[in-house]
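Here is the structure we will look at.
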Amino acid sequence: MTGRGRGFPRTPAVPHPRRKPAPARREAGARRAERAGAGKDARVVRGGAGWLPPAVGCRGLRAGRRWKRRAGRADRRVRRGPLEPPGARSASRQGPAAALGLRRRPSSRTRCHLNLRKIALEGANVIYKRDVGKVLMKLRKPRITATIWSSGKIICTGATSEEEAKFSARRLARSLQKLGFQVIFTDFKVVNVLAVCNMPFEIRLPEFTKNNRPHASYEPELHPAVCYRIKSLRATLQIFSTGSITVTGPNVKAVATAVEQIYPLVFESRKEIL
């Protein structure tokens, strides 16, 4: 006699007749992940049966904890490497970078073809933009966002120094190597630098545009800022009425020179405080 009442032995667990075994469930989950990853934006997270989209679900809390521990060890190994010596980050923020708040945009190549679908399904912190043919991958340390194309070209945005930009690009290359790609880190360069500075006064934009008509253009119906271009420096400045100026140039020296050249021009069109 069996039953759950007091004094009776417990009935042994009997598997459900319709429930699939574990390997079959994992294969079914992988197939659902592939179908879900075929959409325009496939946000991928870590799951018990590989990298699965949130629509499929995350299984295996222990597997997730093990992955976090492995990721932490990998981050510590990368931070111990010779890419960024002690004091390099603080030294890089001295000078114009500290005053302007610079952001670097480096680019590099991997010299191999990249399978974007594989990166989306197996990578970490990625967003697959299938309609435009690229993958966005984000890192926390340093806090950057990388755009990856199937040709092997990678563009990183968000770095605050050249050392940090190169460090993040090498971390991305190492992540792609762990996914099985034969990556060779080459052709690293800083494409442009974005800087933001604030003037201690407000600016009359119509007057400034009238005085600097060949180089300045102002369309208030399209954009609230004046676009000022310096062809010799290959720099573009967005000047706002509040005194905020956004500068984009090929390097730090060009950005600092552009700010020095624009200051006397905006000073003539400043708003006087009564």
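Just so we're on the same page: first chain in the structure tokens is A, next is B, and so on; residues restart at 1 for each chain, and ligands are numbered from 1 in the order they show up.
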* Which residues come within 10 Å of stretch 240-256 of chain A, counting only C-alpha atoms, excluding same-chain residues fewer than 5 positions away, as number ranges by chain? -> A: 95-97, 99-100, 102-105, 161, 190-206, 223-230, 232-235, 261-262, 266, 270-271
Write out as a compact mmCIF listing (two decimals) with all heavy atoms, in the first residue's frame each polymer residue whose atoms come within 8 Å of stretch 169-180 of chain A, counting only C-alpha atoms; drop sequence neighbours fewer than 5 positions from it.
# COMPACT_ATOMS: atom_id res chain seq x y z
N VAL A 78 42.99 40.32 -17.21
CA VAL A 78 43.21 41.36 -18.21
C VAL A 78 43.74 42.63 -17.55
O VAL A 78 44.64 43.29 -18.08
CB VAL A 78 41.90 41.64 -18.96
CG1 VAL A 78 42.04 42.86 -19.86
CG2 VAL A 78 41.51 40.44 -19.80
N SER A 107 39.41 52.80 -33.87
CA SER A 107 38.97 51.72 -34.74
C SER A 107 40.11 50.72 -34.90
O SER A 107 41.29 51.08 -34.78
CB SER A 107 38.55 52.25 -36.11
OG SER A 107 39.66 52.74 -36.83
N SER A 108 39.78 49.48 -35.19
CA SER A 108 40.77 48.43 -35.38
C SER A 108 40.19 47.37 -36.29
O SER A 108 38.99 47.38 -36.61
CB SER A 108 41.19 47.81 -34.04
OG SER A 108 40.06 47.24 -33.39
N THR A 110 40.37 42.93 -37.35
CA THR A 110 40.68 41.60 -36.82
C THR A 110 41.31 40.68 -37.86
O THR A 110 41.73 39.58 -37.52
CB THR A 110 39.40 40.93 -36.30
OG1 THR A 110 38.45 40.83 -37.38
CG2 THR A 110 38.79 41.76 -35.18
N ILE A 119 28.22 35.47 -32.90
CA ILE A 119 28.54 36.41 -31.82
C ILE A 119 27.28 36.77 -31.02
O ILE A 119 27.31 36.87 -29.80
CB ILE A 119 29.19 37.68 -32.41
CG1 ILE A 119 30.52 37.33 -33.08
CG2 ILE A 119 29.42 38.73 -31.33
CD1 ILE A 119 31.16 38.50 -33.80
N GLU A 122 26.29 33.53 -28.85
CA GLU A 122 27.26 33.02 -27.87
C GLU A 122 27.99 34.12 -27.11
O GLU A 122 28.67 33.83 -26.13
CB GLU A 122 28.28 32.12 -28.56
CG GLU A 122 27.66 30.92 -29.25
CD GLU A 122 28.70 30.04 -29.92
OE1 GLU A 122 29.91 30.30 -29.71
OE2 GLU A 122 28.32 29.11 -30.65
N GLY A 123 27.91 35.37 -27.57
CA GLY A 123 28.63 36.45 -26.92
C GLY A 123 27.89 36.99 -25.71
O GLY A 123 26.74 36.63 -25.44
N CYS A 156 35.12 51.52 -31.50
CA CYS A 156 34.79 51.66 -30.09
C CYS A 156 34.50 53.13 -29.79
O CYS A 156 35.20 54.02 -30.30
CB CYS A 156 35.93 51.17 -29.20
SG CYS A 156 36.44 49.48 -29.53
N PHE A 185 44.89 41.32 -33.82
CA PHE A 185 44.65 42.73 -33.48
C PHE A 185 45.60 43.62 -34.28
O PHE A 185 46.80 43.66 -34.02
CB PHE A 185 44.84 42.94 -31.98
CG PHE A 185 44.56 44.34 -31.52
CD1 PHE A 185 43.26 44.80 -31.43
CD2 PHE A 185 45.60 45.19 -31.19
CE1 PHE A 185 43.00 46.08 -30.99
CE2 PHE A 185 45.35 46.46 -30.76
CZ PHE A 185 44.05 46.92 -30.66
* To do: Run DSSP on the backbone and grab whatever in stretch 142-205 of chain A lands in helix (DSSP H, G or I); send it over as a PyMOL selection string.
  => chain A and resi 162-178+205
* Asked: as an NGL selection string, which residues of stretch 93-246 of chain A does DSSP assign to strand (DSSP E)?
  -> :A and (103-109 or 126-129 or 134-139 or 144-149 or 153-157 or 186-198 or 216-218 or 226-230 or 235-239 or 244-246)
* Coordinates-based distance that separates atom CA of A:Val259 from atom CA of A:Pro106 (Å, one decimal) -> 21.8 Å
* Asked: Mind pulling up the distance from atom CA of A:Ala146 to atom CA of A:Gly133?
  -> 13.8 Å
* To do: Can you work out the spacing between atom CA of A:Glu260 and atom CA of A:Glu164 in Å, to one decimal?
  => 26.2 Å
* So which one's closest to A:His215, A:Arg143, A:Thr236, A:Lys166, A:Phe267? Using only C-alpha atoms, please. -> A:Thr236
